[in-house]
Structure formats: C-alpha cells, structure tokens
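Asks: Provided below: protein_5.txt, containing compact mmCIF, C-alpha atoms and all ligand atoms.
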# COMPACT_ATOMS: atom_id res chain seq x y z
CA MET A 1 79.66 100.83 65.80
CA GLU A 2 78.65 97.31 66.56
CA ILE A 3 81.80 96.14 68.39
CA TYR A 4 81.63 99.13 70.74
CA ASP A 5 77.89 98.61 71.41
CA SER A 6 78.41 94.97 72.30
CA PHE A 7 81.53 95.91 74.33
CA LEU A 8 79.49 98.42 76.38
CA ALA A 9 76.66 95.90 76.79
CA TRP A 10 79.19 93.33 78.10
CA ALA A 11 80.78 96.00 80.35
CA ASN A 12 77.33 96.65 81.77
CA THR A 13 77.07 92.98 82.78
CA GLN A 14 80.32 93.52 84.74
CA GLY A 15 78.68 96.36 86.68
CA ILE A 16 80.45 99.12 84.70
CA LYS A 17 78.18 102.16 84.38
CA SER A 18 78.82 104.96 81.91
CA HIS A 19 76.86 108.15 81.38
CA GLY A 20 76.88 110.44 78.33
CA ILE A 21 79.98 108.90 76.73
CA GLU A 22 80.87 106.19 74.23
CA PRO A 23 84.01 104.77 72.58
CA ARG A 24 84.75 105.93 69.06
CA GLU A 25 87.64 105.79 66.65
CA ILE A 26 89.64 109.04 66.76
CA PRO A 27 92.05 109.93 63.91
CA ASN A 28 95.67 109.13 64.91
CA ARG A 29 94.70 108.14 68.46
CA GLY A 30 93.14 104.70 68.06
CA VAL A 31 89.93 104.52 70.06
CA GLY A 32 88.94 107.31 72.44
CA ILE A 33 85.95 108.33 74.53
CA VAL A 34 83.54 110.90 73.12
CA ALA A 35 80.66 112.82 74.75
CA THR A 36 77.30 111.68 73.33
CA GLU A 37 75.57 114.73 74.84
CA ASP A 38 76.65 118.04 76.38
CA LEU A 39 78.35 117.19 79.66
CA ALA A 40 78.48 119.60 82.59
CA SER A 41 81.61 120.05 84.68
CA ASN A 42 82.00 117.78 87.71
CA MET A 43 79.71 115.11 86.30
CA LEU A 44 80.22 111.42 87.06
CA ILE A 45 80.64 109.73 83.67
CA LEU A 46 82.08 106.32 84.53
CA THR A 47 82.00 103.89 87.44
CA VAL A 48 84.09 100.74 87.26
CA PRO A 49 83.66 98.33 90.17
CA THR A 50 86.91 96.73 91.33
CA THR A 51 85.32 93.31 90.80
CA SER A 52 85.63 93.92 87.04
CA LEU A 53 89.38 94.63 87.13
CA ARG A 54 92.13 92.28 86.00
CA THR A 55 94.57 92.24 88.90
CA LEU A 56 97.22 90.11 90.57
CA GLU A 57 94.30 88.37 92.33
CA THR A 58 92.58 87.40 89.06
CA VAL A 59 95.67 85.82 87.46
CA PRO A 60 94.75 82.12 86.95
CA SER A 61 96.17 80.19 89.92
CA THR A 62 98.05 77.62 87.79
CA LEU A 63 99.87 80.44 86.05
CA ALA A 64 100.60 82.34 89.27
CA LYS A 65 101.91 79.16 90.93
CA SER A 66 104.22 78.37 88.02
CA TYR A 67 106.27 81.50 88.82
CA PRO A 68 108.86 81.24 91.63
CA PRO A 69 107.69 83.76 94.28
CA LYS A 70 110.62 86.15 93.75
CA ASP A 71 110.53 86.11 89.95
CA PHE A 72 107.20 87.72 89.22
CA THR A 73 106.10 91.27 88.67
CA VAL A 74 102.41 92.18 88.37
CA HIS A 75 103.27 93.63 84.96
CA GLY A 76 104.84 90.34 83.84
CA LEU A 77 102.03 88.20 85.26
CA LEU A 78 99.27 90.27 83.67
CA ALA A 79 101.11 90.07 80.33
CA ALA A 80 101.44 86.28 80.77
CA THR A 81 97.71 86.06 81.56
CA LEU A 82 96.80 87.88 78.35
CA ALA A 83 99.33 85.92 76.26
CA THR A 84 98.11 82.52 77.46
CA ASP A 85 94.36 83.22 77.68
CA THR A 86 92.45 80.73 75.54
CA THR A 87 89.00 81.43 77.04
CA SER A 88 86.37 83.62 75.41
CA ASN A 89 85.71 85.48 78.68
CA TRP A 90 87.41 88.63 77.43
CA SER A 91 86.45 88.46 73.74
CA LYS A 92 84.46 91.74 73.89
CA TRP A 93 87.44 93.56 75.42
CA ASN A 94 89.85 91.89 72.97
CA ALA A 95 87.71 93.21 70.10
CA VAL A 96 88.30 96.86 71.05
CA ILE A 97 91.96 96.89 72.14
CA PRO A 98 94.71 97.96 69.68
CA SER A 99 96.01 95.39 67.21
CA ARG A 100 99.39 93.75 67.56
CA SER A 101 100.78 95.72 64.63
CA SER A 102 99.64 99.09 65.96
CA ILE A 103 101.22 98.41 69.36
CA LEU A 104 104.47 97.03 67.94
CA THR A 105 104.79 99.88 65.46
CA SER A 106 104.16 102.69 67.91
CA LEU A 107 106.19 101.65 70.96
CA PRO A 108 109.97 102.28 70.69
CA LEU A 109 110.68 99.09 72.71
CA ALA A 110 109.47 97.09 69.71
CA TRP A 111 111.25 99.22 67.06
CA SER A 112 114.38 98.15 65.22
CA PRO A 113 117.25 98.83 67.69
CA THR A 114 118.99 100.80 64.92
CA LEU A 115 116.45 103.60 65.57
CA HIS A 116 117.05 103.74 69.32
CA PRO A 117 120.18 105.97 69.20
CA PHE A 118 118.05 108.63 67.49
CA LEU A 119 115.81 109.03 70.53
CA PRO A 120 116.51 112.10 72.69
CA PRO A 121 118.76 111.11 75.65
CA PRO A 122 115.99 111.12 78.35
CA ALA A 123 113.83 108.90 76.15
CA LEU A 124 116.75 106.57 75.47
CA SER A 125 117.59 106.19 79.15
CA LEU A 126 113.94 105.42 79.92
CA LEU A 127 113.89 102.89 77.09
CA LYS A 128 116.98 101.14 78.49
CA LYS A 129 115.21 100.70 81.84
CA GLN A 130 112.14 99.40 80.04
CA LEU A 131 114.24 96.92 78.02
CA PHE A 132 115.76 95.64 81.25
CA LYS A 133 112.33 95.20 82.90
CA PHE A 134 110.99 93.44 79.83
CA SER A 135 113.93 91.04 79.60
CA LEU A 136 113.50 90.03 83.28
CA ASP A 137 109.74 89.48 82.80
CA TYR A 138 110.25 87.55 79.57
CA THR A 139 112.93 85.31 81.12
CA ALA A 140 110.59 84.59 84.07
CA PHE A 141 107.76 83.82 81.62
CA LEU A 142 109.90 81.33 79.67
CA SER A 143 111.14 79.55 82.78
CA ALA A 144 107.68 79.40 84.41
CA SER A 145 106.36 76.71 82.06
CA GLU A 146 107.63 74.57 79.19
CA SER A 147 104.45 75.44 77.26
CA HIS A 148 105.37 79.15 77.25
CA LYS A 149 108.30 78.40 74.95
CA SER A 150 105.88 77.79 72.07
CA ILE A 151 104.46 81.33 72.42
CA PRO A 152 106.33 83.69 70.08
CA LYS A 153 108.35 86.41 71.84
CA GLU A 154 106.47 88.99 69.78
CA ALA A 155 103.15 87.79 71.23
CA TYR A 156 104.46 88.18 74.78
CA LEU A 157 105.94 91.59 73.90
CA TYR A 158 102.59 92.74 72.48
CA ASN A 159 100.78 91.78 75.67
CA TRP A 160 103.53 93.27 77.88
CA LEU A 161 103.19 96.57 76.00
CA LEU A 162 99.38 96.39 76.18
CA VAL A 163 99.72 96.17 79.96
CA ASN A 164 102.30 98.98 79.91
CA THR A 165 100.01 101.37 78.05
CA ARG A 166 96.62 100.58 79.63
CA THR A 167 97.02 99.90 83.33
CA PHE A 168 96.00 102.08 86.24
CA TYR A 169 97.64 102.38 89.64
CA HIS A 170 95.62 100.52 92.26
CA GLU A 171 96.38 98.86 95.56
CA THR A 172 94.87 95.46 96.12
CA ALA A 173 95.03 93.36 99.30
CA LYS A 174 97.84 91.30 97.75
CA THR A 175 99.96 94.15 96.36
CA LYS A 176 99.84 95.78 99.81
CA LYS A 177 100.66 92.55 101.66
CA LEU A 178 103.56 91.77 99.31
CA ARG A 179 104.77 95.39 99.56
CA LEU A 180 105.19 95.58 95.80
CA PRO A 181 106.87 98.70 94.42
CA PRO A 182 104.32 101.45 93.60
CA ASP A 183 104.98 101.28 89.85
CA ASP A 184 104.03 97.59 89.86
CA ARG A 185 100.69 98.09 91.66
CA MET A 186 98.85 97.98 88.40
CA VAL A 187 95.45 96.77 87.24
CA LEU A 188 93.70 96.52 83.91
CA GLN A 189 90.23 97.98 83.73
CA PRO A 190 87.86 97.81 80.80
CA VAL A 191 86.28 101.01 79.37
CA ALA A 192 88.42 103.35 81.51
CA ASP A 193 91.40 102.15 79.47
CA LEU A 194 89.86 103.73 76.36
CA PHE A 195 90.37 107.30 77.55
CA ASN A 196 93.14 109.11 75.69
CA HIS A 197 95.50 111.54 77.39
CA SER A 198 95.72 115.33 77.50
CA SER A 199 97.66 117.75 79.73
CA ARG A 200 94.55 118.26 81.84
CA GLY A 201 91.61 115.89 81.94
CA CYS A 202 88.80 114.32 83.90
CA SER A 203 89.56 113.32 87.47
CA VAL A 204 90.11 109.63 88.21
CA THR A 205 89.59 108.42 91.75
CA PHE A 206 89.48 104.98 93.32
CA ASP A 207 88.81 103.22 96.57
CA GLU A 208 88.50 99.55 97.50
CA SER A 209 85.17 99.15 95.73
CA GLN A 210 85.36 101.23 92.55
CA PHE A 211 87.11 103.59 90.15
CA THR A 212 85.21 106.71 89.12
CA ILE A 213 85.83 109.23 86.36
CA THR A 214 84.34 112.73 86.70
CA THR A 215 84.47 115.56 84.15
CA ASP A 216 86.97 118.33 84.90
CA ARG A 217 85.06 120.85 82.75
CA ALA A 218 82.06 121.02 80.44
CA TYR A 219 82.35 118.97 77.23
CA ALA A 220 80.21 119.59 74.14
CA GLU A 221 78.42 116.71 72.44
CA GLY A 222 80.84 115.00 70.04
CA GLU A 223 83.96 116.31 71.83
CA GLU A 224 86.61 113.85 72.91
CA VAL A 225 86.74 113.41 76.69
CA THR A 226 90.23 112.77 78.09
CA ILE A 227 92.06 112.01 81.30
CA CYS A 228 95.63 112.99 82.24
CA TYR A 229 98.03 110.04 82.59
CA GLY A 230 100.34 112.27 84.62
CA ARG A 231 102.45 115.41 84.16
CA HIS A 232 104.62 113.76 81.56
CA GLY A 233 106.88 115.33 78.96
CA ASN A 234 106.88 114.01 75.41
CA ASP A 235 110.04 111.90 75.88
CA PHE A 236 108.20 109.92 78.56
CA LEU A 237 104.98 109.68 76.53
CA LEU A 238 106.89 108.46 73.48
CA VAL A 239 108.61 105.61 75.31
CA GLU A 240 105.78 104.60 77.64
CA TYR A 241 102.76 105.22 75.38
CA GLY A 242 104.06 105.58 71.81
CA PHE A 243 102.87 109.12 71.08
CA VAL A 244 103.85 112.78 71.46
CA PHE A 245 101.68 115.88 71.10
CA ASP A 246 102.50 119.52 70.41
CA GLU A 247 100.16 121.07 72.98
CA ASN A 248 101.82 119.19 75.85
CA LYS A 249 101.86 121.66 78.75
CA TRP A 250 104.30 119.46 80.69
CA ASP A 251 106.88 119.05 77.95
CA GLU A 252 110.51 119.85 78.71
CA VAL A 253 113.96 119.59 77.17
CA ARG A 254 116.93 118.07 78.97
CA LEU A 255 120.12 120.10 78.52
CA ASP A 256 122.66 117.71 80.06
CA GLU A 257 124.17 116.61 76.76
CA VAL A 258 125.06 120.20 75.84
CA LEU A 259 125.70 121.71 79.27
CA LEU A 260 127.82 119.00 80.93
CA PRO A 261 130.59 119.18 78.27
CA GLU A 262 130.95 122.93 79.03
CA LEU A 263 131.95 122.25 82.63
CA THR A 264 135.52 121.63 83.79
CA ALA A 265 136.24 118.61 86.02
CA ARG A 266 136.59 120.97 89.00
CA GLN A 267 133.25 122.70 88.29
CA LYS A 268 131.57 119.28 88.03
CA GLU A 269 133.07 118.25 91.36
CA GLU A 270 131.82 121.40 93.05
CA LEU A 271 128.36 121.11 91.52
CA ASP A 272 128.23 117.49 92.62
CA GLU A 273 129.25 118.44 96.14
CA PHE A 274 126.30 120.84 96.39
CA GLY A 275 123.88 118.42 94.67
CA PHE A 276 123.59 120.39 91.43
CA LEU A 277 125.32 118.10 88.91
CA GLY A 278 123.07 117.10 86.00
CA ASN A 279 119.34 117.03 85.36
CA TYR A 280 119.24 120.44 83.67
CA VAL A 281 115.93 121.24 81.94
CA LEU A 282 113.99 123.99 80.26
CA ASP A 283 110.29 124.15 79.47
CA SER A 284 108.15 126.59 77.54
CA ASP A 285 108.29 129.18 80.36
CA GLU A 286 111.63 128.89 82.09
CA VAL A 287 115.05 127.41 82.54
CA CYS A 288 115.30 125.41 85.75
CA TYR A 289 117.18 126.63 88.83
CA ARG A 290 119.74 123.79 88.58
CA THR A 291 120.69 125.01 85.10
CA GLN A 292 121.14 128.56 86.40
CA VAL A 293 123.42 127.29 89.17
CA ALA A 294 125.52 125.29 86.67
CA LEU A 295 125.80 128.27 84.32
CA ARG A 296 126.92 130.48 87.19
CA ALA A 297 129.63 127.91 87.99
CA ILE A 298 131.05 128.61 84.52
CA CYS A 299 130.57 132.41 84.61
CA LEU A 300 131.82 133.23 88.10
CA PRO A 301 135.08 132.69 89.97
CA SER A 302 134.76 129.65 92.21
CA SER A 303 134.69 131.62 95.50
CA GLU A 304 131.95 133.94 94.21
CA TRP A 305 129.92 130.99 92.91
CA MET A 306 130.16 129.27 96.31
CA ARG A 307 128.90 132.41 98.07
CA ALA A 308 125.99 132.62 95.60
CA VAL A 309 125.07 128.96 95.97
CA GLN A 310 125.11 129.28 99.75
CA GLY A 311 122.78 132.24 99.54
CA GLY A 312 125.36 134.87 100.51
CA ASP A 313 125.41 136.73 97.18
CA ASP A 314 122.90 138.39 94.93
CA GLU A 315 122.19 135.71 92.32
CA GLU A 316 120.50 138.16 89.96
CA ALA A 317 123.63 140.34 89.71
CA HIS A 318 125.22 138.16 87.02
CA GLN A 319 122.05 137.29 85.12
CA GLU A 320 123.04 139.01 81.89
CA LYS A 321 126.31 137.04 81.70
CA VAL A 322 124.48 133.81 82.57
CA ASP A 323 121.80 134.39 79.92
CA LYS A 324 124.41 135.13 77.26
CA LEU A 325 126.25 131.92 78.06
CA LEU A 326 123.04 129.93 77.93
CA VAL A 327 122.13 131.38 74.53
CA SER A 328 125.54 130.41 73.14
CA ILE A 329 125.09 126.85 74.46
CA LEU A 330 121.56 126.64 73.04
CA LEU A 331 122.76 127.84 69.64
CA LYS A 332 125.24 124.93 69.64
CA TYR A 333 122.36 122.63 70.58
CA ILE A 334 120.33 123.87 67.60
CA ILE A 335 123.17 122.81 65.28
CA LYS A 336 123.18 119.36 66.93
CA ILE A 337 119.39 119.04 66.65
CA ASP A 338 119.43 119.99 62.96
CA ASP A 339 122.17 117.45 62.34
CA THR A 340 120.09 114.75 64.09
CA LEU A 341 117.04 115.68 62.01
CA GLU A 342 119.12 115.44 58.85
CA ARG A 343 120.49 112.02 59.81
CA ILE A 344 116.98 110.73 60.59
CA GLY A 345 115.88 111.99 57.17
CA LEU A 346 118.55 109.81 55.56
CA LEU A 347 117.63 106.65 57.50
CA GLU A 348 116.04 103.69 55.81
CA GLU A 349 115.71 101.52 58.91
CA GLY A 350 112.38 101.12 60.68
CA GLU A 351 108.93 102.19 59.51
CA PRO A 352 108.30 105.65 58.00
CA CYS A 353 105.87 106.47 60.86
CA GLN A 354 108.62 105.64 63.39
CA ARG A 355 111.10 107.97 61.67
CA ASP A 356 108.33 110.59 61.45
CA ILE A 357 107.65 110.52 65.18
CA LEU A 358 111.40 110.81 65.89
CA CYS A 359 111.54 113.89 63.64
CA LEU A 360 108.42 115.31 65.27
CA ARG A 361 109.98 114.90 68.71
CA TRP A 362 113.22 116.63 67.71
CA GLN A 363 111.22 119.45 66.08
CA GLN A 364 109.33 119.93 69.34
CA ILE A 365 112.65 120.11 71.20
CA ARG A 366 113.97 122.62 68.66
CA ARG A 367 110.87 124.81 69.13
CA LEU A 368 111.31 124.90 72.91
CA VAL A 369 115.00 125.76 72.51
CA ASP A 370 114.24 128.44 69.88
CA ARG A 371 111.63 129.94 72.15
CA THR A 372 114.07 130.17 75.04
CA ILE A 373 116.70 131.82 72.85
CA ALA A 374 114.09 134.34 71.65
CA ARG A 375 113.08 135.09 75.24
CA LEU A 376 116.65 135.65 76.38
CA THR A 377 117.85 137.82 73.52
C1 LIG B 1 95.01 103.81 77.66
S1 LIG B 1 95.12 103.68 75.94
C2 LIG B 1 93.86 104.76 75.38
C3 LIG B 1 92.98 104.13 74.34
C4 LIG B 1 93.66 103.86 73.03
N1 LIG B 1 93.62 105.03 72.17
C5 LIG B 1 93.04 102.68 72.30
O1 LIG B 1 92.90 102.74 71.08
O2 LIG B 1 92.75 101.70 72.93
C6 LIG B 1 96.62 104.55 75.68
C7 LIG B 1 97.06 104.64 74.23
O3 LIG B 1 96.22 105.54 73.53
C8 LIG B 1 96.97 106.34 72.61
N2 LIG B 1 96.86 107.75 73.06
C9 LIG B 1 96.44 108.22 74.24
N3 LIG B 1 96.41 109.55 74.27
C10 LIG B 1 96.84 109.96 73.07
C11 LIG B 1 97.05 111.26 72.49
N4 LIG B 1 96.81 112.38 73.16
N5 LIG B 1 97.52 111.31 71.22
C12 LIG B 1 97.78 110.18 70.53
N6 LIG B 1 97.60 108.92 71.03
C13 LIG B 1 97.14 108.82 72.28
C14 LIG B 1 98.41 105.83 72.69
O4 LIG B 1 98.56 104.86 71.70
C15 LIG B 1 98.46 105.19 74.06
O5 LIG B 1 99.44 104.17 74.16
Mind turning this structure into structure tokens?
Replies:
Amino acid sequence: MEIYDSFLAWANTQGIKSHGIEPREIPNRGVGIVATEDLASNMLILTVPTTSLRTLETVPSTLAKSYPPKDFTVHGLLAATLATDTTSNWSKWNAVIPSRSSILTSLPLAWSPTLHPFLPPPALSLLKKQLFKFSLDYTAFLSASESHKSIPKEAYLYNWLLVNTRTFYHETAKTKKLRLPPDDRMVLQPVADLFNHSSRGCSVTFDESQFTITTDRAYAEGEEVTICYGRHGNDFLLVEYGFVFDENKWDEVRLDEVLLPELTARQKEELDEFGFLGNYVLDSDEVCYRTQVALRAICLPSSEWMRAVQGGDDEEAHQEKVDKLLVSILLKYIIKIDDTLERIGLLEEGEPCQRDILCLRWQQIRRLVDRTIARLT
C-alpha cells in the first residue's frame, strides 16, 4: 500500500535497511511485518542505525530544559515530544502508527475505571503501577510549560501509551550517565516497532551503532514475521500492550486470591519466615514449587512441614494429599471465574471489545485451571 511504500522509502533515507519483509495490515493485530519472499533461518532482515532512533538525546532542547531535572522520565519526555511535535519531520512514521482510538480502546489504562475491577488480580496490580507512573509523568508535563495545559489529557495519554507499546530497551550515553532505571532506558525506532509479538520470534540485538533483527527460523513468503517482546503472560500483555493470545507459551495463572484465604495466620507467618508467602502460580505444565510448599503447610503438622521445607523430609511422600487439596481449591476458583464471567456478561460499561477481551482473558485462565485439575485427577 502506498503509505507503507513511502514509509519504507523515508526509512531508507534514515539509513534503515530491510530485506525480504514489508509492513502490512494483519487482521486483529494492526500493522505487522510480513515476509515478501521465502526467508531462511538466521537471515538479517532489518538494520536500524541508532542515528534514526528517537531517544532522550533527540528530545528538543527547549522541551527537555522545561522539565526540572528530577521530574522527568524518558517515557514522559518521549510522550511530551510526540504530543507537542508540530513539525512534518515524522509525518511518514505518523501515517503508519495506530490511531488514537485504537490505542485508547485497547489499553486498559484508558478504559472506563468501572471495568478495572474485572481484570485478573496480577493485571490489576500492574495497571495500578502504570496509573501511578502516568499520573507522575502527566503532572510533570503540565508543570513544565504553560502551553502544555492547552493539550488535552487524552492526547498526552495517547502518546504516553504509544511510547509504552512501541519502545525498545537501549542504553544511550545519557541514560547511562544519569543512571536511569533499566525500564526507563527506552527508545523509539521506526520499522522495528511494526513487528508484532509471539512466544518465540526473531532475535533482536543492538550495540552503540545499530539494532539488527535476524530470523529465528525459516519463514514462507506471505507469513507474518514476529519478535518476542519478552516471556510475558497474558495479564502482562493485556495491560502493557492491549492484547492477549491463546497460544501464549509463557502464560500463567496467579493463585494467591484463592490460596491465601485457605491459610491460617500462623501458617502465613511461617511461610513468610521461610520466604514462601504469596506469588503462587500455575502454567500449562506445572504448579510452581512455592504453591506446593504452601499446600504442604496446610496438609502437614507444623513440625513435619518445617522438616520438609528445610530439606529433611521426603517432600513427595505427601503428594497425593497435596494434589487433592489443590484440586479442591481449584474447583472453588472455577466457581469464582464463572461468576466473574457472568458479571462481565451483564456489564454495560465500556466498549464491547473491552468486555470481550476481559472475557477472553478469564476463559484462558479457566482453561489453564481446568487443565491442571484434569492432570491431577
Ligand atoms: C510494537 S507494536 C507492533 C505493531 C502494531 N501492530 C502496529 O499496528 O503498529 C505493538 C502493538 O501491536 C499489537 N500486537 C503485537 N503483537 C500482537 C499479537 N500477537 N496479537 C495482537 N496484537 C498484537 C498490540 O496492539 C501492541 O500494543
């Protein structure tokens, strides 16, 4: 399509070199990168020189200077740069990035707060952290310049979320010198930011001079080529990127909300003492060791549990009891999940696609729980 051709032609003038790939619209995924020919494994398909990145160093100096030194984050400054840009320098990039409505509809941070309590607990706690970060960045943006007050909050939020969903980790001279936290060492890079995510994907490497993307396997002509944003479960992907997917190899379910209420105050104290209180998860293959330890705390007399946790007892000896207890807890969780699904079905707040993705997420959780019950019984 024309906008992608002229985007790639502009990218070429920035020194960005691609081979055998092009951007295309992908159903339900916005734009993605597709192989235009059969690609072999271990093939260099994209080189992005660091001179073409948008970084802390490229923030216009008047904008950077308007922030008190302690008040800025790279995330906030990049969002401010996008929100206040009146030049046409980035018009080709602007033409291919997601629209304001698609960003604000898909990211839970921009949803009606009445939907937030329906997020699974790990997603909700991540969202609360995100809300806090956003409010600090937005306050700093408003106090940096009188002129920022005329920019609608929604416009800043759109740009803040654009940065959130399309930046790459990179160290620049300034981020190193200022010792910025790792999660704020972020840069925007054209073309590379059009790759969608999958559980495994092409390898992304960088040094001081360039980013490169190399195929992890062979791709057939017409196939979508992906990268992996990290080993993230669907709760993380939903809050940080606004999507979930069924084939997610790294998905997991947090059991704290159903396991913690089963523990007595004394059992919680003892688990805490040994560093095993909370953060209980299961995935498609197994239940984590922390969960097993917590279940044993319920099943065994305290002295026996202590011996087991200190390695002095055969942990496997009580496995049948432990598995039975877990199944009974998971069956209670299923009832809770079904109730949540029913309540979402009755909601009228928010957009239908937002309620749909909430349902989809809870159905994924239910499937993982069902699968564990089936494995244990
Ligand atoms: C770095 S951008 C990738 C390019 C993006 N699709 C676009 O249209 O510009 C990240 C965003 O792409 C979308 N995305 C990435 N991987 C996806 C996937 N596997 N399924 C659905 N959406 C995905 C999400 O909206 C995410 O926030």
Asks: List the spatial neighbours of A:Leu104 as a list in words - criterion: any atom at most 12 Å away, all atoms listed in the file, same-chain residues fewer than 6 positions off excluded.
Replies: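 So, after excluding close chain neighbours, the residues are Pro98, Ala110, Trp111, Ser112, Lys153, Glu154, Ala155, Tyr156, Leu157, Tyr158, Asn159, Trp160, Leu161, Leu162, Thr165, Tyr241, Gly242, Gly350, Glu351, Cys353 and Gln354 of chain A.
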Asks: Generate the output file for the selected residues, C-alpha atoms, as an mmCIF file, in the coordinates of the input.
Replies:
data_model
loop_
_atom_site.group_PDB
_atom_site.id
_atom_site.type_symbol
_atom_site.label_atom_id
_atom_site.label_comp_id
_atom_site.auth_asym_id
_atom_site.auth_seq_id
_atom_site.Cartn_x
_atom_site.Cartn_y
_atom_site.Cartn_z
ATOM 1 C CA PRO A 98 94.710 97.960 69.680
ATOM 2 C CA ALA A 110 109.470 97.090 69.710
ATOM 3 C CA TRP A 111 111.250 99.220 67.060
ATOM 4 C CA SER A 112 114.380 98.150 65.220
ATOM 5 C CA LYS A 153 108.350 86.410 71.840
ATOM 6 C CA GLU A 154 106.470 88.990 69.780
ATOM 7 C CA ALA A 155 103.150 87.790 71.230
ATOM 8 C CA TYR A 156 104.460 88.180 74.780
ATOM 9 C CA LEU A 157 105.940 91.590 73.900
ATOM 10 C CA TYR A 158 102.590 92.740 72.480
ATOM 11 C CA ASN A 159 100.780 91.780 75.670
ATOM 12 C CA TRP A 160 103.530 93.270 77.880
ATOM 13 C CA LEU A 161 103.190 96.570 76.000
ATOM 14 C CA LEU A 162 99.380 96.390 76.180
ATOM 15 C CA THR A 165 100.010 101.370 78.050
ATOM 16 C CA TYR A 241 102.760 105.220 75.380
ATOM 17 C CA GLY A 242 104.060 105.580 71.810
ATOM 18 C CA GLY A 350 112.380 101.120 60.680
ATOM 19 C CA GLU A 351 108.930 102.190 59.510
ATOM 20 C CA CYS A 353 105.870 106.470 60.860
ATOM 21 C CA GLN A 354 108.620 105.640 63.390
#
Asks: A:Thr172: which residues within 10 Å, counting only C-alpha atoms, same-chain residues fewer than 2 positions away excluded, as a ChimeraX atom specification?
Replies: /A:50,55-57,169-170,174-178,185-187,207-208
Asks: Would you please work out which residue, of A:His75, A:Arg200, A:Lys70, A:Arg375, is nearest to ligand LIG 1 (chain B) when using only C-alpha atoms and all ligand atoms?
Replies: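 With only C-alpha atoms and all ligand atoms as the atom set, the closest residue is A:Arg200.
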Asks: List as a PyMOL selection string the protein and nucleic acid residues lying within 10 Å of ligand LIG 1 (chain B), with all atoms listed in the file counted.
Replies: chain A and resi 23-33+96-99+102-103+106-107+161-168+188-199+226-229+237-248
Asks: Figure out the distance between atom CA of A:Trp10 and atom CA of A:Glu37, please, to one decimal in Å.
Replies: 21.9 Å
Asks: Out of A:Gln267, A:Thr51, A:Thr372, A:Ser143, which residue has the shortest atom-to-atom distance to A:Trp305 when counting all atoms listed in the file?
Replies: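 The closest residue to A:Trp305 is A:Gln267.
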Asks: Would you mind reading off the distance between atom CA of A:Leu260 and atom CA of A:Ile373, one decimal, in Å?
Replies: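 Value for the atom CA of A:Leu260-atom CA of A:Ile373 distance: 18.8 Å.
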Asks: Quick check, in Å to one decimal: how far apart do atom CA of A:Ile357 and atom CA of A:Val204 lie?
Replies: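 Between atom CA of A:Ile357 and atom CA of A:Val204 the gap is 29.0 Å.
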Asks: So which residues are close to (109.6, 82.2, 76.9), meaning at most 12 Å away in the file's coordinates with only C-alpha atoms counted, and can you show them as a list in words?
Replies: Gly76, Ala80, Ala83, Thr84, Phe134, Ser135, Leu136, Asp137, Tyr138, Thr139, Ala140, Phe141, Leu142, Ser143, Ala144, Ser145, Glu146, Ser147, His148, Lys149, Ser150, Ile151, Pro152, Lys153, Glu154, Ala155, Tyr156 and Leu157 of chain A
Asks: Restricting the calculation to all atoms listed in the file: of A:Pro352, A:Pro60, A:Pro181, A:Gly222, which residue gets closest to A:Leu82?
Replies: A:Pro60
Asks: May I have the centre and edge lengths, in Å to one decimal, of an axis-aligned box around the listed atoms of stretch 372-375 of chain A with 3 Å added to every side, as AutoDock Vina command-line options?
Replies:
--center_x 114.9 --center_y 132.6 --center_z 73.4 --size_x 9.6 --size_y 10.9 --size_z 9.6
Asks: Just checking: using all atoms listed in the file, which residue out of A:Lys324, A:Ile329, A:Val281, A:Thr47 ends up closest to A:Pro261?
Replies: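 Smallest separation from A:Pro261 among the options: A:Ile329.
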Asks: For stretch 339-346 of chain A, work out the shell of residues within 7 Å, counting only C-alpha atoms and skipping chain neighbours fewer than 6 positions away, then give it as a PyMOL selection string.
Replies: chain A and resi 355+359+362
Asks: Measuring atom to atom with all atoms listed in the file, identify which of A:Ala220, A:Ile3, A:Val253, A:Cys202 is nearest to A:Ser91.
Replies: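 So, comparing all the options, the nearest one is A:Ile3.
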Asks: Out of A:Arg307, A:His318, A:Lys133, A:Arg266, which residue has the shortest atom-to-atom distance to A:Asp184 when counting all atoms listed in the file?
Replies: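 Closest to A:Asp184 of all the choices is A:Lys133.
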